[in-house]
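Engineer: Here's a structure for you.
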There are 2 protein chains.
Amino acid sequence: MGAQAQRTEEWADVTPDAARRLLTAAVEAFAERGYHATTTRDIAGRAGMSPAALYIHYRTKEELLYRISGVGHRLALGILRQARDGAGTPAERLADAVRRFVRWHAEHHTTARVVQYELGALGEEHYAEIVALRRDTDGAVRDIIEDGVAAGDFDVPDVRGTTLAVLSLCIDVARWFNADGKRSPGEVGELYASLVLRMVGCAQER
Amino acid sequence: MGAQAQRTEEWADVTPDAARRLLTAAVEAFAERGYHATTTRDIAGRAGMSPAALYIHYRTKEELLYRISGVGHRLALGILRQARDGAGTPAERLADAVRRFVRWHAEHHTTARVVQYELGALGEEHYAEIVALRRDTDGAVRDIIEDGVAAGDFDVPDVRGTTLAVLSLCIDVARWFNADGKRSPGEVGELYASLVLRMVGCAQER
DNA sequence: CGCACCCCTAAGCGCTTGCTCAGGCGCCGG
DNA sequence: CCGGCGCCTGAGCAAGCGCTTAGGGGTGCG
């Protein structure tokens with residue numbers, strides 16, 4: 001599946017078509033140059049429209065970022081919650097969470113880069129809303145680790161610190177991952193799952 | 001030591017005084033808002049000067065970023081090389097490297113944030129120069145891990161991938177670290193050193 | 001004392017930015 | 001065939017951007 005097909009799938013429920021094209025154009029541009037270095041003319045140009053067309057579908061440039069950030073954060077949170085609430089031992093659920101979370105960050109590294117590294121450009125209220133989602137994200141991972149500690153499967157002296165480190169490790173994949181590189185998203189996910197299991201001192205390490 | 005004293009110490013060899021004040025003002029502003037969202041008027045204002053004063057000491061706004069990036073990267077590289085070339089077992093040297101690298105990223109998280117997350121705003125030539133420094137940084141960490149594998153102290157199936165993950169983990173400290181938080185830079189360094197030792201499957205894990 | 005030098009400012013230039021607005025094209029039901 | 005409406009464009013506005021220029025004041029050397 002090419003990047004183009006991936007992107008239209010990812011934002012399939014955004015209508016009308018022009019609004020979606022603008023949104024995916026914004027994701028591309030924000031990921032490449034950063035929010036502040038991207039002009040509304042650039043976004044409109046990538047979507048094949050005039051600059052004014054943007055404002056028929058979105059009130060401001062910041063709203064574009066907010067929409068992208070919201071969808072991305074809810075998606076990421078969904079992945080982690082699904083893994084947390086799944087079946088299996090804590091180790092299996094943690095590995096599953098990391099595998100899928102990392103895989104998403106690698107596969108959709110354009111979107112993920114915007115989601116994870118451009119939230120500082122959000123307006124105050126929007127920022128607060130997104131930060132709340134991020135707290136939930138942290139909570140989901142912490143839940144799994146606490147389960148493992150309670151079951152005696154993990155050896156984690158500092159649960160909060162380790163949770164932070166695990167999430168930080170996974171998120172940063174969006175920064176360095178290169179689609180042209182040697183590693184596939186699946187491979188990175190696998191490697192990271194094993195690394196994280198080691199970080200939590202998992203006894204029966206796979 | 002306050003943030004102010006820290007900053008003047010960090011850039012002690014920048015002269016004249018006005019040039020240093022502008023540089024530290026730029027570090028603050030870039031770290032807070034990002035390079036592209038920072039105006040030359042803001043930088044000059046923080047340094048207590050008029051906008052024009054900036055151009056007596058630096059040719060462009062980008063040169064400020066380049067200078068900051070260069071100093072920061074050379075400093076970070078120095079920390080890792082010193083640890084690599086030090087005495088002790090590979091495990092001790094790796095722990096030392098992580099401890100000090102992370103501690104620097106936490107203590108100087110303002111500078112580190114600019115160094116690690118704003119390099120995309122550099123001009124083409126300057127960018128290439130900085131990327132070379134980053135390759136060396138990667139090499140220093142890889143050297144230590146390879147030593148540990150060769151000595152049979154580490155169990156690392158994927159050396160390049162693990163090196164990348166270790167560096168990524170440490171670098172990302174600059175993004176989330178908060179000086180007002182509960183954790184001190186030293187504590188984070190200690191925690192991360194132990195996590196990294198686990199990641200490389202170190203046998204006599206402290 | 002005079003003058004050259006360094007460091008600085010006030011003013012502003014040319015350009016780009018986010019965003020607006022009046023109007024036009026095409027598809028729709030009647 | 002017509003009229004309304006959803007979607008889009010060309011032109012452009014006010015504000016802010018990076019950066020330049022002409023000139024002033026303090027300091028130290030001859």
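Chain identifiers are assigned as A, B, and so on, following the order in which chains appear in the structure tokens; residues are numbered from 1 within each chain, and ligands are numbered from 1 in order of appearance.
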Please return the superposed copy of chain B as a short mmCIF file (atom, residue, chain, number, x, y, z; two decimals) with C-alpha atoms, in the first residue's frame; the fit should be least squares onto chain A across all sequentially paired Cα atoms.

Structural biologist:
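For reference, selection.cif as written:
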```cif
data_model
loop_
_atom_site.label_atom_id
_atom_site.label_comp_id
_atom_site.auth_asym_id
_atom_site.auth_seq_id
_atom_site.Cartn_x
_atom_site.Cartn_y
_atom_site.Cartn_z
CA MET B 1 -0.01 0.00 0.01
CA GLY B 2 1.44 3.32 -1.07
CA ALA B 3 1.64 6.44 1.04
CA GLN B 4 -1.17 8.00 -0.96
CA ALA B 5 -3.59 5.13 -0.43
CA GLN B 6 -2.61 4.97 3.22
CA ARG B 7 -3.42 8.62 3.69
CA THR B 8 -6.83 8.54 2.06
CA GLU B 9 -7.69 5.51 4.17
CA GLU B 10 -6.50 7.15 7.33
CA TRP B 11 -8.78 10.16 6.84
CA ALA B 12 -11.57 8.34 5.05
CA ASP B 13 -14.34 9.83 7.20
CA VAL B 14 -13.46 13.44 6.44
CA THR B 15 -15.93 14.98 4.00
CA PRO B 16 -16.33 16.56 1.57
CA ASP B 17 -13.53 15.40 -0.65
CA ALA B 18 -11.93 18.87 -0.82
CA ALA B 19 -11.77 19.09 2.96
CA ARG B 20 -9.95 15.77 3.11
CA ARG B 21 -7.52 16.78 0.39
CA LEU B 22 -6.71 19.95 2.32
CA LEU B 23 -6.24 17.98 5.52
CA THR B 24 -3.87 15.44 4.04
CA ALA B 25 -1.99 18.26 2.32
CA ALA B 26 -1.63 19.97 5.69
CA VAL B 27 -0.34 16.77 7.30
CA GLU B 28 2.32 16.47 4.63
CA ALA B 29 3.37 20.10 4.86
CA PHE B 30 3.37 20.27 8.67
CA ALA B 31 5.41 17.07 8.88
CA GLU B 32 7.95 18.29 6.33
CA ARG B 33 8.49 21.87 7.43
CA GLY B 34 6.71 22.22 10.76
CA TYR B 35 3.52 24.15 11.49
CA HIS B 36 4.99 27.64 11.67
CA ALA B 37 7.09 27.27 8.53
CA THR B 38 4.08 26.10 6.52
CA THR B 39 1.98 28.69 4.70
CA THR B 40 -1.70 28.41 3.93
CA ARG B 41 -0.74 28.96 0.29
CA ASP B 42 1.47 25.87 0.43
CA ILE B 43 -1.32 23.73 1.87
CA ALA B 44 -3.85 24.93 -0.67
CA GLY B 45 -1.32 24.46 -3.47
CA ARG B 46 -0.65 20.85 -2.51
CA ALA B 47 -4.40 20.22 -2.52
CA GLY B 48 -4.65 21.79 -5.97
CA MET B 49 -6.71 24.77 -4.86
CA SER B 50 -6.44 28.48 -4.38
CA PRO B 51 -5.49 29.84 -0.93
CA ALA B 52 -9.03 31.07 -0.29
CA ALA B 53 -10.53 27.60 -0.66
CA LEU B 54 -8.99 26.60 2.65
CA TYR B 55 -11.24 28.98 4.56
CA ILE B 56 -14.43 27.46 3.21
CA HIS B 57 -13.67 24.22 5.05
CA TYR B 58 -11.62 25.42 8.01
CA ARG B 59 -11.80 28.65 9.94
CA THR B 60 -8.07 28.99 10.58
CA LYS B 61 -4.79 27.26 9.90
CA GLU B 62 -4.71 26.28 13.56
CA GLU B 63 -8.00 24.42 13.17
CA LEU B 64 -6.32 22.14 10.65
CA LEU B 65 -3.62 21.29 13.17
CA TYR B 66 -6.24 20.77 15.86
CA ARG B 67 -8.23 18.36 13.70
CA ILE B 68 -5.12 16.39 12.77
CA SER B 69 -3.94 16.30 16.35
CA GLY B 70 -7.31 15.20 17.67
CA VAL B 71 -7.76 12.34 15.22
CA GLY B 72 -4.18 11.18 15.70
CA HIS B 73 -4.24 11.26 19.47
CA ARG B 74 -7.57 9.43 19.66
CA LEU B 75 -6.23 6.80 17.29
CA ALA B 76 -3.05 6.30 19.31
CA LEU B 77 -5.01 6.13 22.55
CA GLY B 78 -7.35 3.57 21.01
CA ILE B 79 -4.44 1.34 20.07
CA LEU B 80 -3.05 1.34 23.59
CA ARG B 81 -6.43 0.85 25.30
CA GLN B 82 -7.26 -2.09 23.04
CA ALA B 83 -3.96 -3.72 23.99
CA ARG B 84 -4.48 -2.99 27.67
CA ASP B 85 -8.00 -4.47 27.69
CA GLY B 86 -7.03 -7.50 25.62
CA ALA B 87 -6.48 -11.05 26.78
CA GLY B 88 -3.16 -12.54 27.82
CA THR B 89 -0.50 -11.98 30.45
CA PRO B 90 0.71 -8.46 31.23
CA ALA B 91 3.88 -9.23 29.28
CA GLU B 92 1.89 -10.21 26.21
CA ARG B 93 -0.33 -7.16 26.49
CA LEU B 94 2.63 -4.80 26.96
CA ALA B 95 4.44 -6.31 23.99
CA ASP B 96 1.26 -6.04 21.94
CA ALA B 97 0.78 -2.41 22.92
CA VAL B 98 4.33 -1.44 22.03
CA ARG B 99 4.34 -3.43 18.82
CA ARG B 100 1.20 -1.80 17.49
CA PHE B 101 1.88 1.67 18.88
CA VAL B 102 5.35 1.73 17.34
CA ARG B 103 4.11 0.23 14.10
CA TRP B 104 1.58 3.03 13.77
CA HIS B 105 4.21 5.67 14.48
CA ALA B 106 6.46 4.20 11.79
CA GLU B 107 3.80 3.53 9.16
CA HIS B 108 2.12 6.88 9.61
CA HIS B 109 5.26 8.75 10.57
CA THR B 110 4.10 11.81 8.65
CA THR B 111 0.92 12.10 10.68
CA ALA B 112 2.63 10.99 13.86
CA ARG B 113 5.30 13.65 13.53
CA VAL B 114 2.63 16.34 13.43
CA VAL B 115 0.66 14.74 16.24
CA GLN B 116 3.64 14.34 18.55
CA TYR B 117 5.84 17.32 17.79
CA GLU B 118 3.60 20.18 16.71
CA LEU B 119 1.14 20.35 19.58
CA GLY B 120 2.94 23.38 20.98
CA ALA B 121 1.47 25.40 18.13
CA LEU B 122 -2.11 24.69 19.23
CA GLY B 123 -4.25 27.42 20.77
CA GLU B 124 -4.68 27.41 24.52
CA GLU B 125 -8.02 25.59 24.72
CA HIS B 126 -7.20 23.09 22.02
CA TYR B 127 -3.87 22.43 23.69
CA ALA B 128 -5.55 21.68 27.01
CA GLU B 129 -7.90 19.23 25.32
CA ILE B 130 -5.04 17.39 23.64
CA VAL B 131 -2.98 17.29 26.84
CA ALA B 132 -5.88 15.50 28.54
CA LEU B 133 -5.76 12.84 25.82
CA ARG B 134 -2.04 12.46 26.40
CA ARG B 135 -2.60 11.90 30.10
CA ASP B 136 -4.98 9.08 29.23
CA THR B 137 -2.34 7.64 26.91
CA ASP B 138 0.13 7.61 29.76
CA GLY B 139 -2.48 6.02 32.02
CA ALA B 140 -3.12 3.15 29.62
CA VAL B 141 0.54 2.15 29.53
CA ARG B 142 0.91 2.58 33.27
CA ASP B 143 -2.06 0.27 33.82
CA ILE B 144 -0.38 -2.57 31.95
CA ILE B 145 2.91 -2.11 33.78
CA GLU B 146 1.15 -2.00 37.14
CA ASP B 147 -0.66 -5.21 36.25
CA GLY B 148 2.66 -6.86 35.51
CA VAL B 149 4.15 -5.66 38.78
CA ALA B 150 1.12 -6.83 40.75
CA ALA B 151 1.31 -10.23 39.10
CA GLY B 152 4.99 -10.45 39.95
CA ASP B 153 5.94 -10.74 36.29
CA PHE B 154 7.71 -7.37 36.08
CA ASP B 155 10.48 -5.89 38.19
CA VAL B 156 9.97 -2.12 38.02
CA PRO B 157 11.32 0.05 40.87
CA ASP B 158 9.91 3.29 39.39
CA VAL B 159 6.59 2.69 37.60
CA ARG B 160 5.86 6.31 36.63
CA GLY B 161 9.38 6.93 35.38
CA THR B 162 9.48 3.70 33.43
CA THR B 163 6.09 4.41 31.88
CA LEU B 164 7.36 7.80 30.79
CA ALA B 165 10.50 6.26 29.32
CA VAL B 166 8.59 3.56 27.43
CA LEU B 167 6.19 6.06 25.90
CA SER B 168 8.99 8.48 25.11
CA LEU B 169 10.93 5.72 23.36
CA CYS B 170 7.94 4.73 21.23
CA ILE B 171 6.88 8.27 20.36
CA ASP B 172 10.34 9.24 19.22
CA VAL B 173 10.09 6.67 16.44
CA ALA B 174 8.05 9.25 14.53
CA ARG B 175 11.04 11.62 14.58
CA TRP B 176 13.72 9.32 13.16
CA PHE B 177 11.80 6.76 11.14
CA ASN B 178 12.52 6.92 7.43
CA ALA B 179 10.27 5.09 4.99
CA ASP B 180 13.22 4.56 2.63
CA GLY B 181 15.33 2.99 5.37
CA LYS B 182 16.18 -0.65 5.78
CA ARG B 183 13.81 -1.33 8.65
CA SER B 184 10.11 -1.97 8.05
CA PRO B 185 7.52 -0.65 10.54
CA GLY B 186 6.81 -4.22 11.62
CA GLU B 187 10.47 -4.94 12.31
CA VAL B 188 10.87 -1.80 14.40
CA GLY B 189 7.74 -2.72 16.35
CA GLU B 190 9.13 -6.18 17.04
CA LEU B 191 12.52 -4.85 18.14
CA TYR B 192 10.95 -2.24 20.41
CA ALA B 193 8.57 -4.76 21.99
CA SER B 194 11.51 -6.91 23.04
CA LEU B 195 13.47 -3.90 24.31
CA VAL B 196 10.54 -2.73 26.41
CA LEU B 197 10.03 -6.18 27.92
CA ARG B 198 13.64 -6.02 29.03
CA MET B 199 13.14 -2.54 30.47
CA VAL B 200 10.40 -3.78 32.76
CA GLY B 201 12.56 -6.70 33.87
CA CYS B 202 10.16 -9.25 32.50
CA ALA B 203 11.14 -12.70 33.76
CA GLN B 204 10.05 -15.05 30.94
CA GLU B 205 11.42 -12.68 28.35
CA ARG B 206 10.12 -14.50 25.26
#
```

Engineer: Can you list, as a list in words, every protein, DNA or RNA residue that comes within 12 Å of C:DG14 when you count only C-alpha atoms (C1' of nucleotides), leaving out same-chain residues fewer than 2 positions away?

Structural biologist: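 So, after excluding close chain neighbours, the residues are DG12 and DT16 of chain C; DC17, DG18, DC19 and DT20 of chain D.
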
Engineer: For atom C1' of D:DG30 and atom C1' of C:DC8, determine how far apart the two atoms are, in Å to one decimal place.

Structural biologist: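 Going from atom C1' of D:DG30 over to atom C1' of C:DC8 covers 25.3 Å.
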
Engineer: Set the distance at 12 Å and use only C-alpha atoms (C1' of nucleotides): which residues neighbour D:DT27 once local chain neighbours fewer than 3 positions away are removed? I'd like the list as a list in words.

Structural biologist: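 What passes the distance filter is DC3, DA4, DC5, DC6 and DC7 of chain C.
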
Engineer: Distance limit 9 Å, atoms considered: only C-alpha atoms (C1' of nucleotides). Which chain D residues sit that close to chain A? Return them as number ranges by chain.

Structural biologist: D: 7-9

Engineer: Using only C-alpha atoms (C1' of nucleotides), tabulate the residues of chain C lying at most 12 Å from any atom of chain A, each with its closest atom pair and that distance in Å to one decimal, by chain and increasing residue number, as a Markdown table.

Structural biologist:
```
| residue | atom | partner | partner_atom | distance |
| --- | --- | --- | --- | --- |
| C:DT16 | C1' | A:Thr39 | CA | 9.5 |
| C:DT17 | C1' | A:Thr39 | CA | 7.6 |
| C:DG18 | C1' | A:Thr40 | CA | 7.4 |
| C:DC19 | C1' | A:Tyr55 | CA | 8.1 |
| C:DT20 | C1' | A:Ala52 | CA | 8.5 |
| C:DC21 | C1' | A:Ala52 | CA | 10.1 |
```

Engineer: Quick one: residues within 12 Å of D:DA22, only C-alpha atoms (C1' of nucleotides), excluding same-chain residues fewer than 3 positions away - as a list in words?

Structural biologist: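 These residues fall inside the cut-off: DT9, DA10, DA11 and DG12 of chain C.
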
Engineer: One number please: atom C1' of C:DG24 to atom C1' of D:DC13, in Å, one decimal.

Structural biologist: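 For atom C1' of C:DG24 relative to atom C1' of D:DC13, the distance reads 21.7 Å.
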